Each structure stands twice: as structure tokens, then as C-alpha cells.
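Here's the structure, in C-alpha cells; my notes come after.
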Amino acid sequence: METDFLNTQRKGTNTHRGMRAPALALAAAAIATSFASAQRTAPTPQSVIGWEPCADYKLATYEQIDDYFRKLADAAPGRMRIVDMGPTAEGRTEILAVVSSEDNIRQLGKYKDISRTLALARAAGASARDNDGRLGDEAARALAREGKAIVWIDFGLHSIEVAHAQTAPLLAFKAVTDESEEMRFIRDNVILLLAANMNPDGTTMVASWYRENLGKPWESRLPELWHKYVGHDDNRDWFMMNQVETRNGARQLYADWFPQIVYNQHQTGPFPSRIFVPPFDDPMNPNIPPLVMRGVNLVGDAMTRRLDEEGKRGAVSRLGFDTWWNGGMRTAPYFHNMIGILTETSHASATPATYDVRTFPKYFAGTDVPTLEPTTYYPSPYLGGEWHLRDSCNIMVTTSTAVLDIAAKRREEWLYDAYQMARDAIRAHARETFIVPADQWDRPTAVKLVNVLRLGGVEIERATAPFSAGGRQYATGSFVIRGAQPFEPYVTDLLTPQVYPDMRQYPGGPPKRPYDITGWTLSYQMGVRVDRVAEAASVATERVDVARVPQTTVPAQARAYALDPRENDAFIAVNRLLKAGVVVSRSRNAVAVGGEPWPAGTFLVAAGAGTAARVEEAARSLGVRVGDATGVGVGSDRSRTPLRPRCGGCARPASGSTTAGAATWTRDGRAGSSSSSSFRTRRSSTATCAPGICAQNSTSSSFPTPPTTRCSMACRPDRCPRPTAAA
């Protein structure tokens, strides 16, 4: 049946005009009143922020953007709601704007349930093993007809790429107040999840630096990471989920909303293009479902077509960016049966510039694709001229609108495709199981692996009795990950080795350089044993929501304790003990603990006042193994090496250092939470550094360097603070 996408009345129905007219008139009057009210009361971005976003020489902080979003939602509650996603590393609150029609907003719970049911291919509350809860094709089609497409569009992940953060208020205002037929149709058929900013801390940091240094050579060169721990690599965390901002987003994507399309905005495109838009370059990861890649190409083509229709030249595709790796904001959704879109828009500065076509390179870097001649994937080359931040923002509004438009027009297809991919994954891998044995040399890290997978929406069970599978015996407490689950591509891609294809620049030539990371097998990276068996394991289990650290028994009446150095978290336990003044040493040779051989380097903890309670607390909170070391190495100082607290400092080079960020992250308490440690990142004017540390690092950048650099803590030995725990 043909559908007129500017009118929700399907062609071919036989409703009599006379019967239909009064109802339509009443509906039109109600809608017109609602529209007029929304337009009259909704604040413009300029009225709240103080200037039109994307203006020359101006950048809004996250606080200003957040304030605008909340005021817009307060003024138009029928069309926009605010969801608090969670805290950032520095304590700000990430927000998600939910925008749709008044009727859809009233029924958000219903449409969320439909999206979840289709994404998981089973009825609400049913488990992956519950055949009675499986969704059938006809039921899925009925839900797809009833549901609304859910589209995620985010901004601000890479804070130094300033245009997308500034675009967020413009898109929000357009989506809420625009009364064109197109936007009304979009609101009726799409629920927009507009993530105002994926890195609020960095947006404020960059905006503040730009304002303070406007007109200086380093105005756009922030001298520190724009995420305090990982900087630019906040977009490399979506398979490991280390940072709190990543977890905030993952919960919305894989536990709450299950969007069909995820659009992640970035800068900058391959010069001199104005924007990179899918289709992507090869290679494609073979674990990505074909329907995902077809959807990516379809959405990308809709975006570039709209750009050219609006006279916005310079969109390029199939250049540099690929779909191989699993761990970026737009790539991880591929393995969750979601359409992941990346764009890279040019000119990441609020300072205008003029681009002289005479200075353009003949070919795009590293390719034989000409920059000034039309080609299949660059049919309307950019010809230079004056460029403002607003030009970049306008491009982003256009591509975002194109995504919403095609989501609305193919609403039912997107919803059913999500179901179909989940259904096929469950069927194709029904006779496969991944098992994380309870018997691990580093049990707490095995638990962390399980929880990382759970954050990605993987369904995991815990064995409540011993069992056998694949010819092996497994103990109670082993974790079971069944292949018969909707996000099976994610499981397989994270738990099996990657083999990057041998791609050459030309026959017999050098290898084609990968765009990004080529290997990320979690079990290898974390040192956890994971077995893959070609059968559906028959085992009594309980569902795992969050895996808990192993239960550990601390030997009573011990005169000394042993901590196993093969467990990563034993080092955290030792740091806590050292901070409390407990005497700790390491064995120089292998030792016998409880009749078992423990390796050289085993931590030996001398008992003293309060030691037992501290060891018990470490065992309870971290799950580390504790043995009775009474008599181990007694009377021989040569058998052990005493440990003493050490302190150090992290210099902040002028261009920012991910190494320093990672060290700070570990020091602040792991997993990005400084609240779990008494040791905080400081920016104090009284901090001093060993002469030359900052100076040496500040010259490592080819960019203009600001006159001062910062260090995170005192580096001089006489200024060392008390030792603190990395916990």
C-alpha cells in the first residue's frame, strides 16, 4: 500500500469525506492551538545563552547549554522531557532530551517497551532461554506497525571539536518548535533522544579556555586533556566501559531505549571536504549484521542527498573511516543491531577562516581521490571561500534532520529490522556457549569482565551447581553466556580474536593502514579464561544483573597474611594497607601457603593492631584471595623484600597527555570515580614541579604553546603527600 509521507492517512482507504471532515477540523484546531502555544512560550537559544549558538568568536559552556535545555523542556513539557543520565568525572550531570509529539510523550513507556521487545525478540520479562517468551514474526510486525522509531543523536564527545556542542541547542529548538509538515511528521513518528553533551566537563573547559585566550596563537589549543582521564580516547572506551560518561550512555542505549539509529557527531572531515558522511571505507567487521551495514549506507545517502539539495557542497564518503573496530560511540551499536552513523564536519573553531582553493592539495591525503574534480563519492567538491562556525553548525542541523526524516519515513522497517537481526542471532547461535570458569587465577578481574559485558547488554547467567560442557567440568559459580541471545555479534566480537584482513594499497604494495584499533579481545586484555563450546550447555543457573566480587575467607588467628600477586586488585589492597601503616613485604621466591604453591612476589602482611580488620575489609570489598602466611620466611630477611610507600607526580604537558590522564585515573580510584579516594586531582597555584619536567614536555608539541603549564601535584620529594590508595 502506498503511503503519503506528508499525511499519515494511508492512500487507498475508503473513509467518506463527509464523515472525516468534522473530525479532521477538530483535530486540526487542537493541533494548531498546541503548536501556537509551543511557539509562543518556548525560549530561543539566544534568549537564554545570550547569543545565537555558533556565532563567531563565542562558545557556550556546558552549564549554559544545560540551562537552555532545561528551560526549553519546562516551556514545552508536552514535547520534551529531560532525563538525567548520571554524573560526569568532575561531578556535572549529563542530560538526555526526549523529544516527540504530545501524544507520543504521553505514551513514552509504551513505545520504550515496544522498542525493547523488538530489540530483544521476546516478550517483556522473558529470558533468553524461555521459548514461550519468544516473539513471533507476526507479533513483531504488529508491534513494528504500532511503535515509533527511536533515534539517538549526540553532541560534544570530543570537546575540542567545538561545533557539535554548540549545535545541540539549535537542533533542540528546531525539533520542539518547528511547525513545518516535515517536522510534524517526524515528531509523530520518531522519538528523538538528543544527548546534549557527551563530555560536559570538556565542553566547559574548552569554552572557558577559548574565551580567556581569544586572539592569542593558542586560543584553540587547550594545554590539558579535555576529559580529565582519557581526553580524546573517551571515544575508545565503548567496549571496556571504564569511564562514567561511557556507562551513562551505555545504560540509555542498551538497557533503557534500544534505539534503531545512533548518530554520533564529530569533527573534522578530510581536508578540504566540508563533511565526511557514510558509506564507510573497507574493511567491514564480519560480525556486523548485513542489515546494519545496508541501513548505514541508506542513511548516509539520505544525508548527502539532502546536503546537495540545500546547496551545501563538499560532502565526501568512503574515505578513511571504516567499520572494523568495536569500541567507538558509533561502532559498538553495530554489534547491538543498531544503525551507527558517524559524520566528521570541517572547521572546528569559532574563529572564521578563508580557504583558498588555490592552496588545496590535488588529492585527499593518502589517496588518489582528487579534491577539485567530481567523483562518485565526492560529486560536489568544495571550492573554497569564507567559512564560519555557523556554516559547520548548519551542516550538522541538515544531516541531523535528514536522519530524523528517513527514520520517520521508514519507521516500521527500522523497528522490524531490529527484531529480525535479534531473531536471526538467537537462531543461528543456539548451539553455542561461552563459559567463564569459576576457577580463575584472577577471580576479581573475571567478575569485572562479566560486568563489562553486562553494561553492553549481554545476557549472563551464573551456574548454581557443577556442570559439564564441551568435555570439561565446571564448578558452581561459573558464568554462562549463551550464544542464543539478541546481541550475539557483540559477544562473539569481544570474546574471540580479531584477524585484520591483509589489505594492500595496491597489488604487491605496502599494507593499507588501519583507521583505528585492530584487536580488542577482552579475555586476552584482561587475562581471564573464557571457553567457547559448540553446544547449548545444560546447567542450572540464575540470572546475573551485576556480578559480585568473590567471597573470600580470611584465616583466623593468623600471625601473617598472604595476598596473591596474580590478582590485580591485590595491589590496591596493599596500597590501602601501606597507607594505614601496616608492614608489607614481598617474597623473593615461591612460597607455600595453605599447602599450595604461591609465586615469587607474594605479598606478606605482618599482623599487628587492627591489621586483621583491614585485611578482612580488603577481602570483602575487592574479593582478593587471602592466605595464612604464618611461618613463611620467618627469621630470614633475605627471603623477602620490604615495601615502603612511594609518591610521584604527573606533569601535564602543554598539549595534554593521555598517559598522565591514565595515571591520574588510577590514582583517583580507578573507573573514573575520584569520590572513592582521598586523593583528588588538584589545580593549585601552590603546587610545584621539579624544574624542567613541564618545560621539557611543553616543547614536545608543534602547536603554539601557552606561556604557562600546569602540574597536577607536587613533584619534589620534600613536598610528597602521605601515600594514598589507588582504590
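We label chains A, B, ... in the order they appear in the C-alpha cells, count residues from 1 in each chain, and number ligands from 1 in the order shown.
Here the residues within segment 133-271 of chain A that DSSP labels strand (DSSP E or B) on the basis of the backbone are Arg134, Ala149, Ile150, Val151, Trp152, Ile153, Asp154, Val190, Ile191, Leu192, Leu193, Leu194, Ala195, Ile261, Val262, Tyr263, Asn264, Gln265 and His266 of chain A.
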Check the smallest atom-to-atom distance from each of A:Gln252, A:Ser317, A:Asn589, A:Ser400 to Pro279 of chain A using only C-alpha atoms, then report the winner.
-> A:Ser317
Restricting to only C-alpha atoms, whichever of A:Val593, A:Ala612, A:Val491, A:Met396 is closest to Val452 of chain A is A:Val491
If you count only C-alpha atoms, which residues fall within 7 Å of segment 389-392 of chain A, apart from same-chain ones fewer than 6 positions away, as a list in words?
-> Cys54, Ala55, Asp56, Ala163, Thr345, Ser346, His347, Ser349, Ala350 and Pro352 of chain A
Quote the spacing between atom CA of Leu494 of chain A and atom CA of Thr343 of chain A in Å to one decimal place.
-> 25.0 Å
Taking into account only C-alpha atoms, which residue in the set A:Ala629, A:Ile288, A:Ala175, A:Ala663 is nearest to Tyr490 of chain A?
-> A:Ile288
Can you list, as a ChimeraX atom specification, every protein, DNA or RNA residue that comes within 9 Å of Leu415 of chain A when you count only C-alpha atoms, leaving out same-chain residues fewer than 5 positions away?
-> /A:114-115,118-119,140-141,143-145,147-150,260,410,420
